[in-house]
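Source file: my_file.txt (compact mmCIF, C-alpha atoms and all ligand atoms)
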```txt
# COMPACT_ATOMS: atom_id res chain seq x y z
CA MET A 1 3.17 23.38 36.83
CA GLN A 2 4.40 26.79 37.90
CA GLY A 3 8.18 27.16 37.83
CA LEU A 4 9.98 27.06 41.14
CA HIS A 5 11.30 30.32 42.51
CA HIS A 6 14.96 30.87 41.56
CA ASP A 7 15.90 31.35 45.20
CA MET A 8 13.86 28.69 46.97
CA ILE A 9 13.99 28.32 50.76
CA PRO A 10 14.13 24.51 51.07
CA PRO A 11 11.98 22.67 53.66
CA ALA A 12 15.09 20.82 54.87
CA SER A 13 18.79 21.58 54.62
CA PRO A 14 21.08 18.77 55.82
CA VAL A 15 24.52 19.93 56.96
CA ILE A 16 27.59 18.16 55.57
CA GLY A 17 30.26 20.65 56.55
CA ASP A 18 34.06 20.58 56.63
CA GLU A 19 34.07 18.85 60.02
CA GLU A 20 31.85 16.02 58.78
CA ILE A 21 34.01 15.62 55.67
CA GLU A 22 37.24 15.63 57.69
CA ALA A 23 35.83 13.07 60.13
CA ALA A 24 34.83 10.76 57.26
CA VAL A 25 38.23 11.09 55.58
CA ARG A 26 40.03 10.41 58.86
CA VAL A 27 38.16 7.08 59.18
CA LEU A 28 38.81 6.15 55.55
CA ARG A 29 42.55 6.77 56.02
CA ASP A 30 42.56 4.86 59.31
CA GLY A 31 41.04 1.81 57.63
CA ARG A 32 38.90 0.54 60.53
CA VAL A 33 35.67 1.27 58.74
CA VAL A 34 32.95 -1.03 60.13
CA GLN A 35 31.65 -1.14 63.71
CA GLY A 36 34.99 -0.07 65.13
CA PRO A 37 36.14 2.61 67.57
CA GLU A 38 34.03 5.43 66.09
CA VAL A 39 30.84 3.38 66.48
CA ALA A 40 31.70 2.55 70.11
CA ALA A 41 32.43 6.22 70.86
CA PHE A 42 29.21 7.36 69.13
CA GLU A 43 27.16 4.90 71.20
CA GLU A 44 28.72 6.16 74.41
CA GLU A 45 28.31 9.84 73.54
CA PHE A 46 24.73 9.49 72.26
CA ALA A 47 23.67 7.96 75.61
CA GLU A 48 23.59 11.50 77.02
CA VAL A 49 20.69 12.39 74.70
CA THR A 50 18.67 9.52 76.22
CA GLY A 51 19.27 10.27 79.89
CA GLY A 52 22.18 7.82 80.11
CA ARG A 53 20.64 4.69 78.60
CA GLU A 54 22.79 2.04 76.96
CA CYS A 55 22.85 2.64 73.20
CA VAL A 56 23.39 0.29 70.26
CA ALA A 57 24.11 1.70 66.80
CA VAL A 58 22.65 0.23 63.61
CA ASN A 59 22.42 1.20 59.95
CA SER A 60 19.01 2.97 59.99
CA GLY A 61 16.06 4.01 62.12
CA THR A 62 13.99 1.27 60.51
CA SER A 63 16.58 -1.34 61.54
CA ALA A 64 16.54 0.14 65.05
CA LEU A 65 12.76 -0.35 65.33
CA HIS A 66 12.91 -3.82 63.78
CA LEU A 67 15.66 -5.06 66.10
CA ALA A 68 14.15 -3.40 69.19
CA LEU A 69 10.95 -5.40 68.64
CA LEU A 70 12.90 -8.63 68.03
CA ALA A 71 15.03 -8.08 71.15
CA LEU A 72 11.87 -7.67 73.24
CA GLY A 73 10.61 -11.00 71.90
CA ILE A 74 7.79 -9.47 69.87
CA GLY A 75 6.89 -11.51 66.81
CA PRO A 76 4.28 -13.74 65.18
CA GLY A 77 0.94 -13.75 67.01
CA ASP A 78 1.64 -10.41 68.71
CA GLU A 79 -0.05 -7.09 68.08
CA VAL A 80 1.61 -3.69 68.49
CA VAL A 81 -0.45 -0.50 68.87
CA VAL A 82 0.89 2.21 66.54
CA PRO A 83 -0.35 5.55 65.23
CA SER A 84 -1.34 5.52 61.56
CA PHE A 85 -0.22 9.14 61.25
CA SER A 86 3.51 8.45 60.86
CA PHE A 87 6.11 7.40 58.32
CA ALA A 88 5.45 3.85 57.04
CA ALA A 89 8.66 2.62 58.71
CA THR A 90 6.84 2.62 62.06
CA ALA A 91 4.40 -0.08 60.91
CA ASN A 92 6.85 -1.77 58.54
CA ALA A 93 9.13 -2.58 61.47
CA VAL A 94 6.24 -4.33 63.24
CA ARG A 95 5.47 -6.44 60.16
CA LEU A 96 9.16 -7.17 59.55
CA ALA A 97 9.32 -8.53 63.11
CA GLY A 98 6.41 -10.84 62.21
CA ALA A 99 3.85 -9.04 64.40
CA GLU A 100 0.76 -7.08 63.37
CA PRO A 101 0.32 -3.32 63.76
CA VAL A 102 -3.01 -2.14 65.22
CA PHE A 103 -3.62 1.46 64.24
CA ALA A 104 -4.94 3.97 66.79
CA GLU A 105 -5.99 7.62 66.57
CA ILE A 106 -3.88 10.67 67.28
CA ASP A 107 -4.42 13.65 69.51
CA PRO A 108 -5.30 16.27 66.87
CA ASP A 109 -3.37 18.97 68.79
CA THR A 110 -0.01 17.19 69.05
CA PHE A 111 -0.38 14.73 66.11
CA CYS A 112 0.92 11.99 68.47
CA LEU A 113 -0.76 8.74 69.61
CA ASP A 114 -3.85 9.45 71.75
CA PRO A 115 -3.57 7.48 75.03
CA GLU A 116 -7.33 6.83 75.19
CA ALA A 117 -7.37 5.52 71.63
CA ALA A 118 -4.33 3.40 72.44
CA ALA A 119 -6.16 1.98 75.47
CA SER A 120 -9.15 1.02 73.28
CA ALA A 121 -6.85 -0.72 70.80
CA ILE A 122 -5.38 -3.04 73.43
CA GLY A 123 -6.56 -6.64 73.13
CA PRO A 124 -5.50 -10.12 74.29
CA ARG A 125 -2.68 -10.30 71.69
CA THR A 126 -1.23 -6.85 72.34
CA ALA A 127 2.45 -7.05 73.28
CA ALA A 128 3.61 -3.46 72.98
CA LEU A 129 2.77 0.19 72.40
CA LEU A 130 4.82 2.01 69.77
CA PRO A 131 4.22 5.76 70.18
CA VAL A 132 5.91 8.17 67.74
CA HIS A 133 7.31 11.52 68.89
CA LEU A 134 6.07 13.02 65.65
CA TYR A 135 7.59 16.19 64.20
CA GLY A 136 9.80 16.40 67.32
CA HIS A 137 6.88 16.70 69.76
CA PRO A 138 7.03 14.16 72.61
CA ALA A 139 4.10 11.72 72.71
CA ALA A 140 1.95 11.68 75.86
CA MET A 141 4.30 9.38 77.75
CA ASP A 142 2.87 10.52 81.11
CA ALA A 143 -0.33 8.63 80.17
CA LEU A 144 1.15 5.91 77.94
CA VAL A 145 3.70 4.61 80.46
CA PRO A 146 1.11 3.88 83.20
CA LEU A 147 -1.24 2.43 80.55
CA ALA A 148 1.48 0.01 79.42
CA GLU A 149 2.27 -0.89 83.03
CA ARG A 150 -1.38 -1.66 83.83
CA HIS A 151 -1.55 -4.07 80.89
CA GLY A 152 1.97 -5.51 81.20
CA LEU A 153 3.00 -4.18 77.79
CA ALA A 154 6.40 -3.06 76.53
CA ILE A 155 6.86 0.42 75.09
CA VAL A 156 9.09 1.02 72.09
CA GLU A 157 9.49 4.75 71.41
CA ASP A 158 9.83 5.86 67.80
CA ALA A 159 12.07 8.86 68.47
CA CYS A 160 13.33 9.02 64.88
CA GLN A 161 12.25 12.68 64.61
CA ALA A 162 12.84 13.76 68.19
CA HIS A 163 16.54 13.83 69.24
CA GLY A 164 16.63 16.03 72.34
CA ALA A 165 12.87 16.35 72.88
CA ALA A 166 11.57 15.93 76.43
CA LEU A 167 8.42 15.76 78.52
CA HIS A 168 8.52 17.36 81.98
CA ASP A 169 12.33 17.48 81.64
CA LYS A 170 12.60 13.72 80.99
CA PRO A 171 14.20 13.11 77.59
CA VAL A 172 12.49 11.02 74.94
CA GLY A 173 14.32 7.75 74.64
CA SER A 174 14.25 7.26 78.42
CA PHE A 175 10.58 6.23 78.81
CA GLY A 176 10.20 2.89 77.04
CA ALA A 177 11.88 -0.51 77.27
CA ALA A 178 13.54 0.63 74.04
CA ALA A 179 13.68 3.80 71.98
CA CYS A 180 14.77 4.21 68.39
CA PHE A 181 16.44 7.14 66.63
CA SER A 182 17.18 7.76 62.95
CA PHE A 183 20.18 9.58 61.53
CA TYR A 184 18.88 10.08 57.99
CA PRO A 185 20.17 13.38 56.49
CA THR A 186 16.94 15.38 56.97
CA LYS A 187 16.52 14.42 60.66
CA ASN A 188 17.55 16.76 63.50
CA MET A 189 21.00 15.17 63.35
CA HIS A 190 22.39 12.65 60.88
CA SER A 191 25.10 10.11 60.13
CA LEU A 192 24.36 9.97 56.35
CA GLU A 193 22.30 6.84 57.13
CA GLY A 194 22.08 5.34 60.59
CA GLY A 195 20.04 4.50 63.63
CA MET A 196 20.37 4.03 67.40
CA ILE A 197 18.50 1.95 69.96
CA ALA A 198 18.50 3.08 73.59
CA VAL A 199 17.52 0.34 76.03
CA ALA A 200 16.49 0.24 79.67
CA ASP A 201 17.91 -3.23 80.32
CA GLY A 202 21.55 -4.03 79.54
CA ARG A 203 20.69 -7.66 78.66
CA GLN A 204 18.67 -6.37 75.72
CA ALA A 205 21.69 -4.36 74.61
CA ARG A 206 23.66 -7.60 74.28
CA THR A 207 20.83 -9.22 72.29
CA LEU A 208 20.75 -6.19 69.99
CA ARG A 209 24.51 -6.40 69.45
CA LEU A 210 24.07 -10.04 68.44
CA LEU A 211 21.06 -9.33 66.19
CA ARG A 212 22.83 -6.58 64.23
CA ASN A 213 25.81 -8.82 63.50
CA GLN A 214 24.69 -12.29 62.42
CA GLY A 215 24.22 -13.40 66.02
CA MET A 216 27.96 -13.18 66.72
CA GLU A 217 29.85 -11.62 69.57
CA GLN A 218 32.96 -13.65 68.83
CA ARG A 219 33.62 -14.16 65.15
CA TYR A 220 32.12 -17.43 63.83
CA VAL A 221 30.60 -18.29 67.19
CA ASN A 222 27.03 -17.56 66.08
CA GLU A 223 24.70 -17.74 69.05
CA ILE A 224 21.37 -16.73 67.47
CA VAL A 225 19.99 -15.84 64.04
CA GLY A 226 20.92 -12.27 63.21
CA ALA A 227 21.15 -9.86 60.30
CA ASN A 228 23.83 -7.47 59.09
CA MET A 229 22.61 -4.09 60.29
CA ARG A 230 26.00 -2.73 61.36
CA MET A 231 26.85 0.94 61.31
CA THR A 232 30.02 1.98 59.48
CA ASP A 233 32.69 4.02 61.25
CA VAL A 234 32.35 6.65 58.53
CA ALA A 235 28.72 7.07 59.52
CA ALA A 236 29.57 7.10 63.24
CA ALA A 237 32.31 9.71 62.75
CA VAL A 238 29.86 11.97 60.90
CA GLY A 239 27.23 11.28 63.58
CA ARG A 240 29.66 12.33 66.35
CA VAL A 241 30.23 15.69 64.65
CA GLN A 242 26.47 16.12 64.24
CA LEU A 243 25.89 15.17 67.88
CA ARG A 244 28.18 18.04 68.91
CA ARG A 245 26.11 20.35 66.72
CA LEU A 246 22.80 19.09 68.12
CA PRO A 247 22.33 21.49 71.09
CA ASP A 248 22.85 24.62 68.95
CA ALA A 249 20.88 23.18 66.04
CA THR A 250 17.96 22.38 68.37
CA GLU A 251 18.00 25.86 69.88
CA ALA A 252 18.01 27.33 66.35
CA ARG A 253 14.98 25.19 65.41
CA ARG A 254 13.15 26.27 68.57
CA ALA A 255 13.99 29.94 68.03
CA ASN A 256 12.82 29.72 64.39
CA ALA A 257 9.58 28.10 65.55
CA MET A 258 9.03 30.83 68.12
CA ALA A 259 9.58 33.49 65.46
CA LEU A 260 7.09 31.76 63.14
CA ASP A 261 4.57 31.38 66.00
CA GLY A 262 4.77 35.10 66.63
CA ALA A 263 4.42 36.23 63.04
CA LEU A 264 2.06 33.77 61.34
CA HIS A 265 -1.51 34.97 61.69
CA ALA A 266 -3.29 33.48 58.65
CA LEU A 267 -3.10 29.85 59.81
CA PRO A 268 -3.26 28.01 63.16
CA THR A 269 0.31 27.49 64.40
CA PRO A 270 1.51 24.24 66.04
CA LYS A 271 0.29 23.48 69.55
CA VAL A 272 2.62 22.27 72.28
CA ALA A 273 1.39 20.13 75.18
CA PRO A 274 2.07 21.38 78.73
CA GLY A 275 5.56 20.32 79.84
CA ALA A 276 6.59 19.29 76.33
CA ARG A 277 9.94 20.34 74.89
CA HIS A 278 9.26 20.32 71.14
CA VAL A 279 12.41 20.10 68.97
CA TYR A 280 10.66 20.96 65.69
CA HIS A 281 11.87 18.30 63.32
CA GLN A 282 8.95 19.81 61.41
CA TYR A 283 6.99 23.00 61.92
CA THR A 284 3.56 21.82 60.85
CA VAL A 285 0.48 23.97 60.40
CA ARG A 286 -3.04 22.96 59.45
CA VAL A 287 -4.64 24.36 56.32
CA PRO A 288 -8.39 24.17 56.84
CA GLY A 289 -10.43 23.20 53.79
CA GLY A 290 -8.94 19.87 52.76
CA ALA A 291 -6.11 18.47 50.66
CA ALA A 292 -6.92 20.42 47.48
CA VAL A 293 -6.75 23.77 49.30
CA ARG A 294 -3.59 22.71 51.17
CA ASP A 295 -1.90 21.56 47.95
CA GLU A 296 -2.89 24.80 46.22
CA LEU A 297 -1.28 26.76 49.04
CA ALA A 298 1.89 24.62 48.77
CA ARG A 299 2.12 25.38 45.03
CA GLU A 300 1.55 29.08 45.72
CA LEU A 301 4.33 29.08 48.33
CA ALA A 302 6.70 27.29 45.94
CA ALA A 303 5.99 29.84 43.22
CA ARG A 304 6.96 32.55 45.71
CA GLY A 305 10.15 30.84 46.87
CA VAL A 306 9.03 29.07 50.04
CA GLY A 307 9.47 25.30 50.07
CA SER A 308 7.07 23.16 52.09
CA ALA A 309 6.23 19.49 52.42
CA VAL A 310 3.38 17.20 53.41
CA TYR A 311 4.16 14.63 56.11
CA TYR A 312 2.13 12.52 55.44
CA PRO A 313 -0.34 12.70 52.55
CA THR A 314 -1.62 9.14 53.16
CA PRO A 315 -2.12 7.52 56.56
CA ILE A 316 -0.34 4.19 56.97
CA HIS A 317 -3.64 2.30 57.35
CA ARG A 318 -4.57 3.35 53.79
CA LEU A 319 -1.27 2.23 52.23
CA LYS A 320 -1.41 -0.97 50.20
CA PRO A 321 0.30 -3.32 52.68
CA TYR A 322 -2.08 -2.26 55.48
CA GLU A 323 -5.37 -1.26 53.84
CA SER A 324 -7.06 -4.59 54.56
CA CYS A 325 -7.07 -3.74 58.30
CA GLY A 326 -10.12 -1.56 57.60
CA ALA A 327 -9.35 0.87 60.46
CA GLN A 328 -11.59 3.95 60.74
CA LEU A 329 -9.46 6.90 61.83
CA PRO A 330 -11.17 10.18 60.88
CA LEU A 331 -8.82 12.43 62.88
CA THR A 332 -5.84 10.84 61.15
CA ASP A 333 -7.48 11.20 57.71
CA LEU A 334 -8.19 14.87 58.43
CA ALA A 335 -4.61 15.52 59.54
CA CYS A 336 -3.30 13.97 56.30
CA ASP A 337 -5.54 16.35 54.33
CA GLU A 338 -4.63 19.48 56.30
CA VAL A 339 -0.98 19.35 57.37
CA LEU A 340 1.73 21.42 55.76
CA SER A 341 5.28 21.61 57.08
CA LEU A 342 7.08 24.93 56.65
CA PRO A 343 10.86 25.43 56.79
CA VAL A 344 12.16 25.58 60.39
CA HIS A 345 15.66 24.12 59.97
CA PRO A 346 18.75 25.70 61.58
CA ALA A 347 20.11 27.07 58.28
CA LEU A 348 17.33 29.68 58.04
CA SER A 349 18.38 33.32 58.39
CA VAL A 350 16.37 36.11 59.97
CA CYS A 351 15.60 37.27 56.40
CA ASP A 352 14.36 33.78 55.49
CA ILE A 353 11.99 33.76 58.46
CA ALA A 354 10.66 37.18 57.48
CA ARG A 355 10.12 36.00 53.91
CA ILE A 356 8.42 32.78 55.00
CA THR A 357 5.97 34.62 57.28
CA GLU A 358 5.20 37.31 54.72
CA VAL A 359 4.64 34.80 51.90
CA VAL A 360 2.64 32.34 54.04
CA ASN A 361 0.41 35.05 55.52
CA GLY A 362 -0.27 36.56 52.10
CA SER A 363 -0.76 33.31 50.22
CA ALA A 364 -2.84 31.64 52.93
CA THR A 365 -5.18 34.62 53.18
CA ALA A 366 -5.67 34.60 49.40
CA VAL A 367 -6.00 30.82 49.00
CA LEU A 368 -8.42 30.44 51.92
CA ALA A 369 -10.55 33.35 50.69
CA GLY A 370 -10.62 31.76 47.21
CA ALA A 371 -11.63 28.38 48.65
CA MET A 372 -14.51 30.01 50.57
CA ALA A 373 -15.67 31.77 47.38
CA THR A 374 -15.77 28.50 45.41
CA PRO A 375 -17.37 25.88 47.65
CA GLY A 376 -16.47 22.36 46.64
CA THR A 377 -12.83 23.20 46.02
CA SER A 378 -11.95 21.27 49.12
CA THR A 379 -13.27 18.01 47.72
CA THR A 380 -11.53 18.13 44.33
CA THR A 381 -8.22 16.37 43.96
CA ALA A 382 -5.28 18.54 43.01
CA ALA A 383 -2.06 17.44 41.36
CA PRO A 384 0.51 16.25 43.91
CA VAL A 385 2.90 18.83 45.28
CA ALA A 386 6.34 18.69 43.71
CA PRO A 387 8.93 17.40 46.19
CA THR A 388 11.33 20.11 47.27
CA GLU A 389 13.95 18.21 49.22
CA GLY A 390 17.27 19.64 50.26
CA PRO A 391 20.53 18.91 48.45
CA GLY A 392 21.93 15.41 48.59
CA VAL A 393 18.70 13.76 49.60
CA ALA A 394 17.60 11.21 47.05
CA GLU A 395 14.40 10.01 48.65
CA VAL A 396 11.73 11.45 50.89
CA PRO A 397 11.31 9.00 53.73
CA SER A 398 10.82 11.21 56.76
C1 LIG B 401 12.78 8.53 59.48
C2 LIG B 401 11.81 7.77 60.29
C3 LIG B 401 11.92 6.39 60.49
C4 LIG B 401 12.93 5.53 59.77
O1 LIG B 401 14.25 5.94 59.88
P1 LIG B 401 15.28 5.57 58.69
O2 LIG B 401 16.60 5.95 59.25
O3 LIG B 401 14.89 6.38 57.50
O4 LIG B 401 15.17 4.11 58.43
C5 LIG B 401 11.02 5.77 61.32
N1 LIG B 401 10.04 6.45 61.93
C6 LIG B 401 9.89 7.78 61.76
C7 LIG B 401 8.78 8.48 62.47
C8 LIG B 401 10.75 8.48 60.91
O5 LIG B 401 10.57 9.79 60.72
```

Using structure tokens, write down the structure from this file.
Amino acid sequence: MQGLHHDMIPPASPVIGDEEIEAAVRVLRDGRVVQGPEVAAFEEEFAEVTGGRECVAVNSGTSALHLALLALGIGPGDEVVVPSFSFAATANAVRLAGAEPVFAEIDPDTFCLDPEAAASAIGPRTAALLPVHLYGHPAAMDALVPLAERHGLAIVEDACQAHGAALHDKPVGSFGAAACFSFYPTKNMHSLEGGMIAVADGRQARTLRLLRNQGMEQRYVNEIVGANMRMTDVAAAVGRVQLRRLPDATEARRANAMALDGALHALPTPKVAPGARHVYHQYTVRVPGGAAVRDELARELAARGVGSAVYYPTPIHRLKPYESCGAQLPLTDLACDEVLSLPVHPALSVCDIARITEVVNGSATAVLAGAMATPGTSTTTAAPVAPTEGPGVAEVPS
């Protein structure tokens, strides 16, 4: 293993600044620490991101997806159409709700659920579509919403990577019956850990409030079976600070992406669908030639001080809990072998961008030329890429 560059540009750089720390301390001194005034204020303020929908805060994006499905009455006997090219949480939430995920292909340009593939996956048991706004690119809601309407299906948006993204000026989170956001530290905004559900129908908001808190509105008057998925006020206070940072942080991500688009010439840069506002949770390129070539490039970049990451090396339908489904998804398999996410986060300087483009152009040209000279490289299996997460992030879920 080559040593990492002494001055590595990380692929993600979560912000926990003085304002976040002061907000957390203020809550700790106040003493109302669980689902109190900060959570209520965060829910109200976050509604703006979703075009004014009613929002319910929970302890993670996974909990948000799980409870959204439960609130819509989706459970045993139901199928939910999901992309396999996503974080496992997307499918896990379906299973946790007692339903079965049915995996459908992606559009290879946007990496999001392909509406035609979703249509083919619909059967008599289908209850919902669960598109993912992957990498911060909005899914093709202009086709998925009418598809769901024709078949009488609910839509749950997985917007865990897409705070502030939009399609034809309509924000993600405002298309489905419910939409779910994550506030994990590496996401576009965070609350340490946390999640939010935006709902179209206020009655579902009440159900969600019951589900997250043991089925109680009034203490010890349990109306339904619920869990404990409450958000803390420390998390909400941090989330409110991050929400205020979101517009500038998003513009910085978009400006960084534009700079990378303009300067990267050795690899195909990310495509954006017409009318899509991409918020670049990830800036993801394709490395032609397969996983071994891609992983070699990632190691080369790391040796030269540029962090990168693979989201996701294995499609969900090939992970152990799901492999028995036997789905055949060649476009998804190919994406898993080719994708590489480069740093695009708001903490990058102009110098960082220049270094990233110079190193990526140079290394990609060399690695791709080498792969062409030694046919067969693309089918060999390389050692996994060392994780290069930002500070304070223990795991790599996104
Ligand atoms: C991060 C993420 C989740 C889960 O959110 P957590 O807050 O980590 O539970 C779900 N779906 C996608 C696409 C994600 O990126």

Closest to Pro171 of chain A among A:Cys325, A:Leu65, A:Val49, A:Met141, using only C-alpha atoms?
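That would be A:Val49, the residue with the smallest distance to Pro171 of chain A.
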
Report as a tab-separated table the residues of segment 272-389 of chain A within 10 Å of segment 182-189 of chain A, each with its shortest atom pair and distance in Å (one decimal), using all atoms listed in the file, ordered by chain and increasing residue number.
```
residue	atom	partner	partner_atom	distance
A:Val279	CA	A:Asn188	CA	8.2
A:Tyr280	CA	A:Asn188	CA	8.4
A:His281	CA	A:Asn188	CA	5.9
A:Gln282	CA	A:Lys187	CA	9.3
A:His345	CA	A:Asn188	CA	8.4
A:Pro346	CA	A:Asn188	CA	9.2
A:Glu389	CA	A:Thr186	CA	8.8
```

As JSON, please report the centre and edge lengths, rounded to one decimal in Å, of the axis-aligned box that holds all listed atoms of segment 4-20 of chain A with 5 Å of padding on each of the six sides.
```
{"center_x": 22.0, "center_y": 23.7, "center_z": 50.6, "size_x": 34.1, "size_y": 25.3, "size_z": 28.9}
```

Just want the 9 Å neighbourhood of Tyr311 of chain A, counted on all atoms listed in the file, with same-chain residues fewer than 6 positions away dropped. Output as a list in words.
Phe85, Ser86, Phe87, Tyr135, Gln282, Thr284, Cys336, Val339, Leu340, Ser341 and Ser398 of chain A

Taking only C-alpha atoms and all ligand atoms into account, which residues are within 10 Å of ligand LIG 401 (chain B), as a ChimeraX atom specification?
/A:58-66,83,85-93,131-136,157-162,180-187,190-196,281,311,395-398

May I have the protein, DNA and RNA residues with any atom at most 12 Å from the point (-0.7, 25.5, 68.7), counting all atoms listed in the file, written as a PDB file with C-alpha atoms, keeping the file's coordinate frame?
```pdb
ATOM      1  CA  PRO A 108      -5.300  16.270  66.870  1.00  0.00           C
ATOM      2  CA  ASP A 109      -3.370  18.970  68.790  1.00  0.00           C
ATOM      3  CA  THR A 110      -0.010  17.190  69.050  1.00  0.00           C
ATOM      4  CA  PHE A 111      -0.380  14.730  66.110  1.00  0.00           C
ATOM      5  CA  HIS A 137       6.880  16.700  69.760  1.00  0.00           C
ATOM      6  CA  ALA A 257       9.580  28.100  65.550  1.00  0.00           C
ATOM      7  CA  MET A 258       9.030  30.830  68.120  1.00  0.00           C
ATOM      8  CA  LEU A 260       7.090  31.760  63.140  1.00  0.00           C
ATOM      9  CA  ASP A 261       4.570  31.380  66.000  1.00  0.00           C
ATOM     10  CA  GLY A 262       4.770  35.100  66.630  1.00  0.00           C
ATOM     11  CA  LEU A 264       2.060  33.770  61.340  1.00  0.00           C
ATOM     12  CA  HIS A 265      -1.510  34.970  61.690  1.00  0.00           C
ATOM     13  CA  LEU A 267      -3.100  29.850  59.810  1.00  0.00           C
ATOM     14  CA  PRO A 268      -3.260  28.010  63.160  1.00  0.00           C
ATOM     15  CA  THR A 269       0.310  27.490  64.400  1.00  0.00           C
ATOM     16  CA  PRO A 270       1.510  24.240  66.040  1.00  0.00           C
ATOM     17  CA  LYS A 271       0.290  23.480  69.550  1.00  0.00           C
ATOM     18  CA  VAL A 272       2.620  22.270  72.280  1.00  0.00           C
ATOM     19  CA  ALA A 273       1.390  20.130  75.180  1.00  0.00           C
ATOM     20  CA  PRO A 274       2.070  21.380  78.730  1.00  0.00           C
ATOM     21  CA  HIS A 278       9.260  20.320  71.140  1.00  0.00           C
ATOM     22  CA  TYR A 283       6.990  23.000  61.920  1.00  0.00           C
ATOM     23  CA  THR A 284       3.560  21.820  60.850  1.00  0.00           C
ATOM     24  CA  VAL A 285       0.480  23.970  60.400  1.00  0.00           C
ATOM     25  CA  ARG A 286      -3.040  22.960  59.450  1.00  0.00           C
TER      26      ARG A 286
END
```

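Atom CA of Thr250 of chain A to atom CA of Pro10 of chain A spans 17.8 Å [interatomic distance, one decimal].
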
For a test of reading the model, state the distance in Å between atom CA of Met8 of chain A and atom CA of Thr357 of chain A, rounded to one decimal.
14.3 Å

In Å, with one decimal, what is the gap from atom CA of Ala47 of chain A to atom CA of Pro138 of chain A?
18.0 Å

Between A:Phe46, A:Phe103, A:Ala12, A:Val33, which residue has the minimum interatomic distance to Leu243 of chain A, considering all atoms listed in the file?
A:Phe46
